[in-house]
Amino acid sequence: MAYIKDIRNTYNILDSDIENIKSVSEIMLNYSIEFATDIHEYLVEKFGFQEQYEDTQLEKMSQLLEDWYKILFKGNINNDLINYTTNMVKIFHEQIVDNSTFLSIFSFVRNWIHERIFQQIEKDVVRKNILLSVHKILDVQVSIINTAYTDIELRKYTKIFSLKNNLINFSERFMVFGHLILVSILISLTLGAIVFLGVDIIHHYKTNSQDIIIYALGSLLILWVLIELLHTEIQSIKGGKLKISIFLGVALIAFVREILIIKLQHKETDNQMYTAIAAILVLGIVYFITALIEKNDNKRRNK
């Protein structure tokens, strides 16, 4: 199964495209009943589905397309949309609707959506941007439909493909479970760091320690690192690109905290200090270069 982050890279789907679709969400969702009626009539008049299928089967296929329409214009451009489209293809395939027929249905859907947006959006530039974004997403849907039909046909002829597919599905579920465990651990550690910060401040305040700010700063750095790691993991789950600069920042903070600890314990040696300072200098330069590259990369993607 393709992932939305891979598809977004392949089809150059930007955040602005998703925002364009969301901008017409209210307008297009008001047409959901009309869409359902028109798609039902198209299935009957164009392909004679009224004679081929029972009313319940025809209603089921119409309802599937209507639900897909609602998911699309709610702006849920994520893995759920991919999964829904794939499952919709499976159900249509079970009703003996072949690939070419389904793509013909989808061509009608594309034209129907295009016409409604063209009618409702008055400003030419805004309408053009919205239509370009919508057609990008619809191109993705066509790709998913073709892939889903191909996969279904391949399963008929090879058990190896079925085994491979089961292995991939298991791996995907395990990956989600792994992300869940990792996020849970990071949340627990972050909460623990907050408690540790509070206890550290109270303890040194009671002992009238002159180094209370430095001790608190050391604990605060740990908390900052955990929050950054948690933020990075959440972005990764949402399909964002992993940023190497985050891990360089974590290493940089670790060396800064190490210097604070050495100074507080009054056990520093020249070699220790020089080593730590040199490490901070090198990491700082690498961090700056890496962050700059990532920033420029993001700008290119959003153009």
# chains A, B, ... in the order shown; residues from 1 in each chain; ligands from 1
call {"tool": "residues_around", "arguments": {"residues": "Ser219 of chain A", "least_positions_apart": "5", "cutoff": "12 Å", "atoms": "only C-alpha atoms", "output": "PDB file with all heavy atoms, in the first residue's frame"}}
result
ATOM      1  N   THR A 190       8.655  12.855  29.405  1.00  0.00           N
ATOM      2  CA  THR A 190       8.434  14.301  29.473  1.00  0.00           C
ATOM      3  C   THR A 190       7.747  14.695  30.772  1.00  0.00           C
ATOM      4  O   THR A 190       8.133  15.661  31.438  1.00  0.00           O
ATOM      5  CB  THR A 190       7.589  14.769  28.273  1.00  0.00           C
ATOM      6  OG1 THR A 190       8.247  14.398  27.056  1.00  0.00           O
ATOM      7  CG2 THR A 190       7.400  16.280  28.293  1.00  0.00           C
ATOM      8  N   GLY A 192       7.845  12.958  33.515  1.00  0.00           N
ATOM      9  CA  GLY A 192       8.840  12.734  34.558  1.00  0.00           C
ATOM     10  C   GLY A 192       9.838  13.878  34.641  1.00  0.00           C
ATOM     11  O   GLY A 192      10.243  14.292  35.744  1.00  0.00           O
ATOM     12  N   ALA A 193      10.236  14.426  33.478  1.00  0.00           N
ATOM     13  CA  ALA A 193      11.187  15.544  33.455  1.00  0.00           C
ATOM     14  C   ALA A 193      10.581  16.799  34.078  1.00  0.00           C
ATOM     15  O   ALA A 193      11.270  17.570  34.758  1.00  0.00           O
ATOM     16  CB  ALA A 193      11.622  15.829  32.017  1.00  0.00           C
ATOM     17  N   ILE A 194       9.268  16.992  33.865  1.00  0.00           N
ATOM     18  CA  ILE A 194       8.587  18.143  34.479  1.00  0.00           C
ATOM     19  C   ILE A 194       8.591  18.018  36.002  1.00  0.00           C
ATOM     20  O   ILE A 194       8.882  18.980  36.726  1.00  0.00           O
ATOM     21  CB  ILE A 194       7.145  18.250  33.952  1.00  0.00           C
ATOM     22  CG1 ILE A 194       7.153  18.585  32.457  1.00  0.00           C
ATOM     23  CG2 ILE A 194       6.358  19.313  34.727  1.00  0.00           C
ATOM     24  CD1 ILE A 194       5.790  18.536  31.808  1.00  0.00           C
ATOM     25  N   VAL A 195       8.290  16.800  36.486  1.00  0.00           N
ATOM     26  CA  VAL A 195       8.305  16.559  37.936  1.00  0.00           C
ATOM     27  C   VAL A 195       9.720  16.747  38.479  1.00  0.00           C
ATOM     28  O   VAL A 195       9.932  17.382  39.523  1.00  0.00           O
ATOM     29  CB  VAL A 195       7.796  15.128  38.246  1.00  0.00           C
ATOM     30  CG1 VAL A 195       7.965  14.810  39.737  1.00  0.00           C
ATOM     31  CG2 VAL A 195       6.337  14.992  37.836  1.00  0.00           C
ATOM     32  N   PHE A 196      10.698  16.192  37.759  1.00  0.00           N
ATOM     33  CA  PHE A 196      12.097  16.300  38.181  1.00  0.00           C
ATOM     34  C   PHE A 196      12.544  17.764  38.255  1.00  0.00           C
ATOM     35  O   PHE A 196      13.268  18.158  39.176  1.00  0.00           O
ATOM     36  CB  PHE A 196      12.989  15.537  37.196  1.00  0.00           C
ATOM     37  CG  PHE A 196      14.450  15.578  37.527  1.00  0.00           C
ATOM     38  CD1 PHE A 196      14.959  14.823  38.574  1.00  0.00           C
ATOM     39  CD2 PHE A 196      15.320  16.389  36.805  1.00  0.00           C
ATOM     40  CE1 PHE A 196      16.317  14.857  38.879  1.00  0.00           C
ATOM     41  CE2 PHE A 196      16.667  16.436  37.101  1.00  0.00           C
ATOM     42  CZ  PHE A 196      17.168  15.666  38.153  1.00  0.00           C
ATOM     43  N   LEU A 197      12.102  18.562  37.277  1.00  0.00           N
ATOM     44  CA  LEU A 197      12.438  19.994  37.274  1.00  0.00           C
ATOM     45  C   LEU A 197      11.874  20.685  38.507  1.00  0.00           C
ATOM     46  O   LEU A 197      12.569  21.461  39.183  1.00  0.00           O
ATOM     47  CB  LEU A 197      11.887  20.647  36.004  1.00  0.00           C
ATOM     48  CG  LEU A 197      12.032  22.177  35.896  1.00  0.00           C
ATOM     49  CD1 LEU A 197      13.493  22.583  35.915  1.00  0.00           C
ATOM     50  CD2 LEU A 197      11.345  22.687  34.625  1.00  0.00           C
ATOM     51  N   GLY A 198      10.605  20.376  38.835  1.00  0.00           N
ATOM     52  CA  GLY A 198       9.992  20.982  40.006  1.00  0.00           C
ATOM     53  C   GLY A 198      10.678  20.580  41.296  1.00  0.00           C
ATOM     54  O   GLY A 198      10.953  21.418  42.166  1.00  0.00           O
ATOM     55  N   VAL A 199      10.979  19.283  41.429  1.00  0.00           N
ATOM     56  CA  VAL A 199      11.644  18.779  42.626  1.00  0.00           C
ATOM     57  C   VAL A 199      13.032  19.392  42.770  1.00  0.00           C
ATOM     58  O   VAL A 199      13.452  19.779  43.869  1.00  0.00           O
ATOM     59  CB  VAL A 199      11.748  17.235  42.569  1.00  0.00           C
ATOM     60  CG1 VAL A 199      12.620  16.719  43.703  1.00  0.00           C
ATOM     61  CG2 VAL A 199      10.354  16.618  42.659  1.00  0.00           C
ATOM     62  N   ASP A 200      13.745  19.503  41.646  1.00  0.00           N
ATOM     63  CA  ASP A 200      15.095  20.068  41.661  1.00  0.00           C
ATOM     64  C   ASP A 200      15.085  21.516  42.147  1.00  0.00           C
ATOM     65  O   ASP A 200      15.917  21.940  42.963  1.00  0.00           O
ATOM     66  CB  ASP A 200      15.686  19.996  40.256  1.00  0.00           C
ATOM     67  CG  ASP A 200      17.202  19.823  40.278  1.00  0.00           C
ATOM     68  OD1 ASP A 200      17.724  19.326  41.289  1.00  0.00           O
ATOM     69  OD2 ASP A 200      17.846  20.187  39.271  1.00  0.00           O
ATOM     70  N   ILE A 201      14.114  22.298  41.638  1.00  0.00           N
ATOM     71  CA  ILE A 201      14.022  23.707  42.039  1.00  0.00           C
ATOM     72  C   ILE A 201      13.687  23.828  43.521  1.00  0.00           C
ATOM     73  O   ILE A 201      14.302  24.622  44.260  1.00  0.00           O
ATOM     74  CB  ILE A 201      12.959  24.431  41.182  1.00  0.00           C
ATOM     75  CG1 ILE A 201      13.431  24.524  39.723  1.00  0.00           C
ATOM     76  CG2 ILE A 201      12.665  25.816  41.742  1.00  0.00           C
ATOM     77  CD1 ILE A 201      12.401  25.096  38.777  1.00  0.00           C
ATOM     78  N   ILE A 212      21.039  27.414  42.018  1.00  0.00           N
ATOM     79  CA  ILE A 212      19.696  26.933  41.704  1.00  0.00           C
ATOM     80  C   ILE A 212      19.336  27.164  40.236  1.00  0.00           C
ATOM     81  O   ILE A 212      18.723  26.307  39.588  1.00  0.00           O
ATOM     82  CB  ILE A 212      18.653  27.604  42.629  1.00  0.00           C
ATOM     83  CG1 ILE A 212      17.254  27.044  42.315  1.00  0.00           C
ATOM     84  CG2 ILE A 212      18.676  29.119  42.505  1.00  0.00           C
ATOM     85  CD1 ILE A 212      16.206  27.512  43.290  1.00  0.00           C
ATOM     86  N   ILE A 213      19.757  28.319  39.687  1.00  0.00           N
ATOM     87  CA  ILE A 213      19.418  28.619  38.290  1.00  0.00           C
ATOM     88  C   ILE A 213      20.112  27.651  37.340  1.00  0.00           C
ATOM     89  O   ILE A 213      19.528  27.161  36.375  1.00  0.00           O
ATOM     90  CB  ILE A 213      19.808  30.074  37.951  1.00  0.00           C
ATOM     91  CG1 ILE A 213      18.950  31.047  38.784  1.00  0.00           C
ATOM     92  CG2 ILE A 213      19.640  30.342  36.461  1.00  0.00           C
ATOM     93  CD1 ILE A 213      19.283  32.504  38.550  1.00  0.00           C
ATOM     94  N   ILE A 214      21.380  27.350  37.630  1.00  0.00           N
ATOM     95  CA  ILE A 214      22.125  26.435  36.757  1.00  0.00           C
ATOM     96  C   ILE A 214      21.557  25.024  36.843  1.00  0.00           C
ATOM     97  O   ILE A 214      21.405  24.330  35.833  1.00  0.00           O
ATOM     98  CB  ILE A 214      23.620  26.442  37.131  1.00  0.00           C
ATOM     99  CG1 ILE A 214      24.193  27.842  36.929  1.00  0.00           C
ATOM    100  CG2 ILE A 214      24.392  25.447  36.281  1.00  0.00           C
ATOM    101  CD1 ILE A 214      25.647  27.973  37.282  1.00  0.00           C
ATOM    102  N   TRP A 224      13.426  20.157  27.387  1.00  0.00           N
ATOM    103  CA  TRP A 224      13.370  20.685  26.027  1.00  0.00           C
ATOM    104  C   TRP A 224      13.690  19.607  25.001  1.00  0.00           C
ATOM    105  O   TRP A 224      13.027  19.495  23.965  1.00  0.00           O
ATOM    106  CB  TRP A 224      14.362  21.847  25.895  1.00  0.00           C
ATOM    107  CG  TRP A 224      14.373  22.467  24.537  1.00  0.00           C
ATOM    108  CD1 TRP A 224      13.551  23.431  24.050  1.00  0.00           C
ATOM    109  CD2 TRP A 224      15.250  22.114  23.458  1.00  0.00           C
ATOM    110  NE1 TRP A 224      13.857  23.727  22.744  1.00  0.00           N
ATOM    111  CE2 TRP A 224      14.899  22.939  22.347  1.00  0.00           C
ATOM    112  CE3 TRP A 224      16.301  21.211  23.319  1.00  0.00           C
ATOM    113  CZ2 TRP A 224      15.564  22.862  21.139  1.00  0.00           C
ATOM    114  CZ3 TRP A 224      16.962  21.146  22.100  1.00  0.00           C
ATOM    115  CH2 TRP A 224      16.600  21.958  21.026  1.00  0.00           C
ATOM    116  N   VAL A 225      14.707  18.801  25.287  1.00  0.00           N
ATOM    117  CA  VAL A 225      15.108  17.715  24.384  1.00  0.00           C
ATOM    118  C   VAL A 225      13.963  16.727  24.200  1.00  0.00           C
ATOM    119  O   VAL A 225      13.643  16.310  23.074  1.00  0.00           O
ATOM    120  CB  VAL A 225      16.354  16.990  24.933  1.00  0.00           C
ATOM    121  CG1 VAL A 225      16.574  15.671  24.205  1.00  0.00           C
ATOM    122  CG2 VAL A 225      17.590  17.862  24.793  1.00  0.00           C
ATOM    123  N   LEU A 226      13.305  16.347  25.292  1.00  0.00           N
ATOM    124  CA  LEU A 226      12.207  15.377  25.219  1.00  0.00           C
ATOM    125  C   LEU A 226      11.027  15.935  24.418  1.00  0.00           C
ATOM    126  O   LEU A 226      10.410  15.213  23.628  1.00  0.00           O
ATOM    127  CB  LEU A 226      11.758  14.995  26.628  1.00  0.00           C
ATOM    128  CG  LEU A 226      12.750  14.143  27.428  1.00  0.00           C
ATOM    129  CD1 LEU A 226      12.323  14.031  28.883  1.00  0.00           C
ATOM    130  CD2 LEU A 226      12.873  12.745  26.813  1.00  0.00           C
ATOM    131  N   ILE A 253      22.713  19.947  22.911  1.00  0.00           N
ATOM    132  CA  ILE A 253      22.198  20.248  24.252  1.00  0.00           C
ATOM    133  C   ILE A 253      22.849  19.349  25.302  1.00  0.00           C
ATOM    134  O   ILE A 253      23.144  19.772  26.430  1.00  0.00           O
ATOM    135  CB  ILE A 253      20.668  20.073  24.278  1.00  0.00           C
ATOM    136  CG1 ILE A 253      20.006  21.174  23.443  1.00  0.00           C
ATOM    137  CG2 ILE A 253      20.138  20.124  25.700  1.00  0.00           C
ATOM    138  CD1 ILE A 253      20.289  22.569  23.916  1.00  0.00           C
ATOM    139  N   ALA A 254      23.086  18.082  24.938  1.00  0.00           N
ATOM    140  CA  ALA A 254      23.701  17.145  25.883  1.00  0.00           C
ATOM    141  C   ALA A 254      25.095  17.614  26.294  1.00  0.00           C
ATOM    142  O   ALA A 254      25.469  17.538  27.474  1.00  0.00           O
ATOM    143  CB  ALA A 254      23.776  15.753  25.255  1.00  0.00           C
ATOM    144  N   VAL A 256      26.185  20.775  26.189  1.00  0.00           N
ATOM    145  CA  VAL A 256      26.026  21.990  26.985  1.00  0.00           C
ATOM    146  C   VAL A 256      25.701  21.641  28.431  1.00  0.00           C
ATOM    147  O   VAL A 256      26.266  22.215  29.379  1.00  0.00           O
ATOM    148  CB  VAL A 256      24.910  22.886  26.388  1.00  0.00           C
ATOM    149  CG1 VAL A 256      24.604  24.057  27.314  1.00  0.00           C
ATOM    150  CG2 VAL A 256      25.325  23.405  25.016  1.00  0.00           C
ATOM    151  N   ARG A 257      24.804  20.687  28.613  1.00  0.00           N
ATOM    152  CA  ARG A 257      24.444  20.267  29.969  1.00  0.00           C
ATOM    153  C   ARG A 257      25.628  19.617  30.675  1.00  0.00           C
ATOM    154  O   ARG A 257      25.824  19.771  31.889  1.00  0.00           O
ATOM    155  CB  ARG A 257      23.268  19.284  29.910  1.00  0.00           C
ATOM    156  CG  ARG A 257      22.739  18.894  31.280  1.00  0.00           C
ATOM    157  CD  ARG A 257      21.468  18.067  31.170  1.00  0.00           C
ATOM    158  NE  ARG A 257      20.990  17.731  32.485  1.00  0.00           N
ATOM    159  CZ  ARG A 257      21.398  16.696  33.213  1.00  0.00           C
ATOM    160  NH1 ARG A 257      22.330  15.887  32.708  1.00  0.00           N
ATOM    161  NH2 ARG A 257      20.920  16.464  34.420  1.00  0.00           N
ATOM    162  N   GLU A 258      26.449  18.890  29.906  1.00  0.00           N
ATOM    163  CA  GLU A 258      27.626  18.250  30.484  1.00  0.00           C
ATOM    164  C   GLU A 258      28.587  19.298  31.053  1.00  0.00           C
ATOM    165  O   GLU A 258      29.153  19.118  32.139  1.00  0.00           O
ATOM    166  CB  GLU A 258      28.330  17.413  29.411  1.00  0.00           C
ATOM    167  CG  GLU A 258      29.541  16.645  29.886  1.00  0.00           C
ATOM    168  CD  GLU A 258      29.186  15.540  30.879  1.00  0.00           C
ATOM    169  OE1 GLU A 258      28.007  15.119  30.898  1.00  0.00           O
ATOM    170  OE2 GLU A 258      30.069  15.117  31.640  1.00  0.00           O
ATOM    171  N   LEU A 260      27.732  22.248  32.162  1.00  0.00           N
ATOM    172  CA  LEU A 260      27.105  22.781  33.379  1.00  0.00           C
ATOM    173  C   LEU A 260      27.359  21.866  34.576  1.00  0.00           C
ATOM    174  O   LEU A 260      27.686  22.319  35.683  1.00  0.00           O
ATOM    175  CB  LEU A 260      25.603  22.954  33.158  1.00  0.00           C
ATOM    176  CG  LEU A 260      25.173  24.039  32.163  1.00  0.00           C
ATOM    177  CD1 LEU A 260      23.664  24.009  31.979  1.00  0.00           C
ATOM    178  CD2 LEU A 260      25.619  25.416  32.641  1.00  0.00           C
ATOM    179  N   ILE A 261      27.220  20.565  34.354  1.00  0.00           N
ATOM    180  CA  ILE A 261      27.427  19.601  35.440  1.00  0.00           C
ATOM    181  C   ILE A 261      28.875  19.610  35.914  1.00  0.00           C
ATOM    182  O   ILE A 261      29.162  19.590  37.114  1.00  0.00           O
ATOM    183  CB  ILE A 261      27.022  18.182  34.975  1.00  0.00           C
ATOM    184  CG1 ILE A 261      25.510  18.120  34.739  1.00  0.00           C
ATOM    185  CG2 ILE A 261      27.439  17.130  36.000  1.00  0.00           C
ATOM    186  CD1 ILE A 261      25.038  16.830  34.119  1.00  0.00           C
TER     187      ILE A 261
END
call {"tool": "residues_around", "arguments": {"residues": "Gln95 of chain A", "least_positions_apart": "2", "cutoff": "12 Å", "atoms": "only C-alpha atoms", "output": "list in words"}}
result
Phe49, Gln52, Tyr53, Glu54, Thr56, Gln57, Leu58, Lys60, Met61, Met88, Val89, Lys90, Ile91, Phe92, His93, Val97, Asp98, Asn99, Thr101 and Phe102 of chain A
call {"tool": "closest_residue", "arguments": {"among": "A:Leu65, A:Ile96, A:Leu221, A:Ile21", "to": "Lys128 of chain A", "atoms": "only C-alpha atoms"}}
result
A:Ile21
call {"tool": "atom_distance", "arguments": {"atom1": "atom CA of Ile121 of chain A", "atom2": "atom CA of Ile18 of chain A"}}
result
16.8 Å
call {"tool": "residues_around", "arguments": {"residues": "Ile277 of chain A", "least_positions_apart": "2", "cutoff": "12 Å", "atoms": "only C-alpha atoms", "output": "tab-separated table (two decimals) with all heavy atoms, in the first residue's frame"}}
result
chain	number	residue	atom	x	y	z
A	252	LEU	N	23.85	18.46	20.82
A	252	LEU	CA	24.41	19.75	21.20
A	252	LEU	C	23.99	20.13	22.62
A	252	LEU	O	24.81	20.56	23.44
A	252	LEU	CB	23.93	20.81	20.20
A	252	LEU	CG	24.58	22.20	20.28
A	252	LEU	CD1	26.08	22.11	20.06
A	252	LEU	CD2	23.95	23.12	19.25
A	253	ILE	N	22.71	19.95	22.91
A	253	ILE	CA	22.20	20.25	24.25
A	253	ILE	C	22.85	19.35	25.30
A	253	ILE	O	23.14	19.77	26.43
A	253	ILE	CB	20.67	20.07	24.28
A	253	ILE	CG1	20.01	21.17	23.44
A	253	ILE	CG2	20.14	20.12	25.70
A	253	ILE	CD1	20.29	22.57	23.92
A	254	ALA	N	23.09	18.08	24.94
A	254	ALA	CA	23.70	17.14	25.88
A	254	ALA	C	25.10	17.61	26.29
A	254	ALA	O	25.47	17.54	27.47
A	254	ALA	CB	23.78	15.75	25.26
A	255	PHE	N	25.87	18.13	25.34
A	255	PHE	CA	27.22	18.63	25.66
A	255	PHE	C	27.15	19.91	26.49
A	255	PHE	O	27.98	20.13	27.38
A	255	PHE	CB	28.02	18.87	24.38
A	255	PHE	CG	28.70	17.64	23.85
A	255	PHE	CD1	28.18	16.96	22.75
A	255	PHE	CD2	29.84	17.15	24.46
A	255	PHE	CE1	28.80	15.82	22.27
A	255	PHE	CE2	30.47	16.01	23.98
A	255	PHE	CZ	29.96	15.34	22.89
A	256	VAL	N	26.18	20.77	26.19
A	256	VAL	CA	26.03	21.99	26.99
A	256	VAL	C	25.70	21.64	28.43
A	256	VAL	O	26.27	22.22	29.38
A	256	VAL	CB	24.91	22.89	26.39
A	256	VAL	CG1	24.60	24.06	27.31
A	256	VAL	CG2	25.32	23.40	25.02
A	257	ARG	N	24.80	20.69	28.61
A	257	ARG	CA	24.44	20.27	29.97
A	257	ARG	C	25.63	19.62	30.68
A	257	ARG	O	25.82	19.77	31.89
A	257	ARG	CB	23.27	19.28	29.91
A	257	ARG	CG	22.74	18.89	31.28
A	257	ARG	CD	21.47	18.07	31.17
A	257	ARG	NE	20.99	17.73	32.49
A	257	ARG	CZ	21.40	16.70	33.21
A	257	ARG	NH1	22.33	15.89	32.71
A	257	ARG	NH2	20.92	16.46	34.42
A	258	GLU	N	26.45	18.89	29.91
A	258	GLU	CA	27.63	18.25	30.48
A	258	GLU	C	28.59	19.30	31.05
A	258	GLU	O	29.15	19.12	32.14
A	258	GLU	CB	28.33	17.41	29.41
A	258	GLU	CG	29.54	16.65	29.89
A	258	GLU	CD	29.19	15.54	30.88
A	258	GLU	OE1	28.01	15.12	30.90
A	258	GLU	OE2	30.07	15.12	31.64
A	259	ILE	N	28.76	20.40	30.34
A	259	ILE	CA	29.62	21.47	30.83
A	259	ILE	C	29.06	22.06	32.12
A	259	ILE	O	29.80	22.34	33.08
A	259	ILE	CB	29.78	22.56	29.75
A	259	ILE	CG1	30.68	22.05	28.63
A	259	ILE	CG2	30.37	23.84	30.34
A	259	ILE	CD1	30.92	23.05	27.52
A	260	LEU	N	27.73	22.25	32.16
A	260	LEU	CA	27.11	22.78	33.38
A	260	LEU	C	27.36	21.87	34.58
A	260	LEU	O	27.69	22.32	35.68
A	260	LEU	CB	25.60	22.95	33.16
A	260	LEU	CG	25.17	24.04	32.16
A	260	LEU	CD1	23.66	24.01	31.98
A	260	LEU	CD2	25.62	25.42	32.64
A	270	ASP	N	41.27	20.79	32.24
A	270	ASP	CA	41.39	21.51	30.99
A	270	ASP	C	41.01	20.64	29.80
A	270	ASP	O	40.35	21.09	28.87
A	270	ASP	CB	42.83	22.02	30.82
A	270	ASP	CG	43.14	23.15	31.80
A	270	ASP	OD1	42.17	23.76	32.32
A	270	ASP	OD2	44.33	23.42	32.04
A	271	ASN	N	41.44	19.37	29.85
A	271	ASN	CA	41.14	18.46	28.73
A	271	ASN	C	39.64	18.25	28.58
A	271	ASN	O	39.12	18.22	27.46
A	271	ASN	CB	41.83	17.11	28.94
A	271	ASN	CG	43.34	17.22	28.74
A	271	ASN	OD1	43.82	18.12	28.04
A	271	ASN	ND2	44.09	16.30	29.35
A	272	GLN	N	38.95	18.07	29.71
A	272	GLN	CA	37.50	17.86	29.65
A	272	GLN	C	36.80	19.07	29.06
A	272	GLN	O	35.92	18.95	28.20
A	272	GLN	CB	36.95	17.58	31.06
A	272	GLN	CG	37.23	16.18	31.58
A	272	GLN	CD	36.67	15.99	32.97
A	272	GLN	OE1	36.93	16.78	33.87
A	272	GLN	NE2	35.89	14.95	33.14
A	273	MET	N	37.18	20.24	29.52
A	273	MET	CA	36.54	21.46	29.06
A	273	MET	C	36.82	21.71	27.58
A	273	MET	O	35.91	22.03	26.80
A	273	MET	CB	37.02	22.66	29.89
A	273	MET	CG	36.52	22.65	31.32
A	273	MET	SD	34.71	22.69	31.42
A	273	MET	CE	34.37	24.29	30.73
A	274	TYR	N	38.08	21.55	27.19
A	274	TYR	CA	38.44	21.78	25.79
A	274	TYR	C	37.72	20.79	24.87
A	274	TYR	O	37.27	21.15	23.76
A	274	TYR	CB	39.94	21.66	25.60
A	274	TYR	CG	40.73	22.77	26.26
A	274	TYR	CD1	42.03	22.56	26.72
A	274	TYR	CD2	40.18	24.04	26.43
A	274	TYR	CE1	42.76	23.58	27.33
A	274	TYR	CE2	40.88	25.06	27.05
A	274	TYR	CZ	42.17	24.82	27.50
A	274	TYR	OH	42.87	25.83	28.11
A	275	THR	N	37.63	19.54	25.32
A	275	THR	CA	36.94	18.51	24.52
A	275	THR	C	35.46	18.86	24.34
A	275	THR	O	34.91	18.77	23.23
A	275	THR	CB	37.07	17.13	25.17
A	275	THR	OG1	38.45	16.80	25.31
A	275	THR	CG2	36.36	16.07	24.35
A	279	ALA	N	33.59	19.93	20.90
A	279	ALA	CA	32.43	19.16	20.43
A	279	ALA	C	31.24	20.07	20.16
A	279	ALA	O	30.53	19.92	19.15
A	279	ALA	CB	32.07	18.08	21.45
A	280	ILE	N	31.02	21.04	21.08
A	280	ILE	CA	29.92	21.98	20.90
A	280	ILE	C	30.12	22.82	19.65
A	280	ILE	O	29.19	23.06	18.87
A	280	ILE	CB	29.78	22.88	22.15
A	280	ILE	CG1	29.27	22.07	23.33
A	280	ILE	CG2	28.84	24.06	21.88
A	280	ILE	CD1	29.25	22.82	24.64
A	281	LEU	N	31.36	23.26	19.42
A	281	LEU	CA	31.67	24.07	18.24
A	281	LEU	C	31.41	23.30	16.95
A	281	LEU	O	30.76	23.79	16.02
A	281	LEU	CB	33.13	24.53	18.29
A	281	LEU	CG	33.61	25.38	17.11
A	281	LEU	CD1	32.80	26.68	17.03
A	281	LEU	CD2	35.10	25.69	17.24
A	282	VAL	N	31.90	22.06	16.88
A	282	VAL	CA	31.71	21.23	15.67
A	282	VAL	C	30.23	20.93	15.45
A	282	VAL	O	29.71	21.07	14.33
A	282	VAL	CB	32.52	19.92	15.80
A	282	VAL	CG1	32.17	18.98	14.64
A	282	VAL	CG2	34.01	20.20	15.81
A	283	LEU	N	29.54	20.51	16.53
A	283	LEU	CA	28.11	20.19	16.41
A	283	LEU	C	27.30	21.43	16.02
A	283	LEU	O	26.34	21.34	15.24
A	283	LEU	CB	27.58	19.62	17.73
A	283	LEU	CG	27.92	18.16	18.01
A	283	LEU	CD1	27.53	17.79	19.43
A	283	LEU	CD2	27.21	17.24	17.02
A	284	GLY	N	27.70	22.59	16.57
A	284	GLY	CA	27.00	23.83	16.24
A	284	GLY	C	27.10	24.16	14.76
A	284	GLY	O	26.11	24.56	14.13
call {"tool": "closest_residue", "arguments": {"among": "A:Glu51, A:Tyr11, A:Ser62, A:Leu81", "to": "Ile33 of chain A", "atoms": "only C-alpha atoms"}}
result
A:Ser62
call {"tool": "residues_around", "arguments": {"residues": "Glu233 of chain A", "least_positions_apart": "2", "cutoff": "12 Å", "atoms": "only C-alpha atoms", "output": "list of chain:residue names"}}
result
A:Val176, A:Gly178, A:His179, A:Leu180, A:Ile181, A:Leu182, A:Val183, A:Ser184, A:Ile185, A:Leu186, A:Ile187, A:Leu226, A:Ile227, A:Glu228, A:Leu229, A:Leu230, A:His231, A:Gln235, A:Ser236, A:Ile237, A:Lys238, A:Gly239, A:Gly240, A:Lys241, A:Leu242, A:Lys243, A:Ile246, A:Phe247
call {"tool": "residues_around", "arguments": {"residues": "segment 74-79 of chain A", "least_positions_apart": "4", "cutoff": "8 Å", "atoms": "only C-alpha atoms", "output": "number ranges by chain"}}
result
A: 3-4, 18-19, 21-22, 25, 29, 70, 83
call {"tool": "write_last_selection", "arguments": {"atoms": "N, CA, C and O atoms", "output": "mmCIF file, in the first residue's frame"}}
result
data_model
loop_
_atom_site.group_PDB
_atom_site.id
_atom_site.type_symbol
_atom_site.label_atom_id
_atom_site.label_comp_id
_atom_site.auth_asym_id
_atom_site.auth_seq_id
_atom_site.Cartn_x
_atom_site.Cartn_y
_atom_site.Cartn_z
ATOM 1 N N TYR A 3 1.826 5.139 0.840
ATOM 2 C CA TYR A 3 1.582 6.042 1.949
ATOM 3 C C TYR A 3 1.399 7.453 1.425
ATOM 4 O O TYR A 3 1.977 7.843 0.412
ATOM 5 N N ILE A 4 0.616 8.242 2.147
ATOM 6 C CA ILE A 4 0.298 9.586 1.695
ATOM 7 C C ILE A 4 1.553 10.438 1.574
ATOM 8 O O ILE A 4 1.661 11.272 0.680
ATOM 9 N N ILE A 18 -3.989 21.150 -0.087
ATOM 10 C CA ILE A 18 -4.967 20.661 0.896
ATOM 11 C C ILE A 18 -5.814 21.813 1.424
ATOM 12 O O ILE A 18 -7.030 21.685 1.601
ATOM 13 N N GLU A 19 -5.173 22.974 1.647
ATOM 14 C CA GLU A 19 -5.913 24.148 2.104
ATOM 15 C C GLU A 19 -6.904 24.613 1.039
ATOM 16 O O GLU A 19 -8.009 25.066 1.361
ATOM 17 N N ILE A 21 -8.500 22.709 -1.076
ATOM 18 C CA ILE A 21 -9.648 21.796 -1.025
ATOM 19 C C ILE A 21 -10.521 22.100 0.185
ATOM 20 O O ILE A 21 -11.757 22.124 0.105
ATOM 21 N N LYS A 22 -9.884 22.368 1.312
ATOM 22 C CA LYS A 22 -10.653 22.701 2.522
ATOM 23 C C LYS A 22 -11.428 24.006 2.353
ATOM 24 O O LYS A 22 -12.488 24.186 2.956
ATOM 25 N N SER A 25 -14.740 23.253 1.062
ATOM 26 C CA SER A 25 -15.361 22.125 1.757
ATOM 27 C C SER A 25 -16.851 22.368 2.007
ATOM 28 O O SER A 25 -17.698 21.538 1.667
ATOM 29 N N LEU A 29 -19.719 20.182 0.135
ATOM 30 C CA LEU A 29 -20.487 19.245 0.961
ATOM 31 C C LEU A 29 -21.991 19.529 0.880
ATOM 32 O O LEU A 29 -22.807 18.631 1.097
ATOM 33 N N LYS A 70 -17.532 12.793 0.415
ATOM 34 C CA LYS A 70 -17.552 13.535 1.679
ATOM 35 C C LYS A 70 -16.177 13.525 2.349
ATOM 36 O O LYS A 70 -15.736 14.531 2.900
ATOM 37 N N ASN A 83 -6.881 4.270 2.011
ATOM 38 C CA ASN A 83 -7.478 2.995 2.434
ATOM 39 C C ASN A 83 -8.933 2.896 1.970
ATOM 40 O O ASN A 83 -9.385 1.827 1.533
#
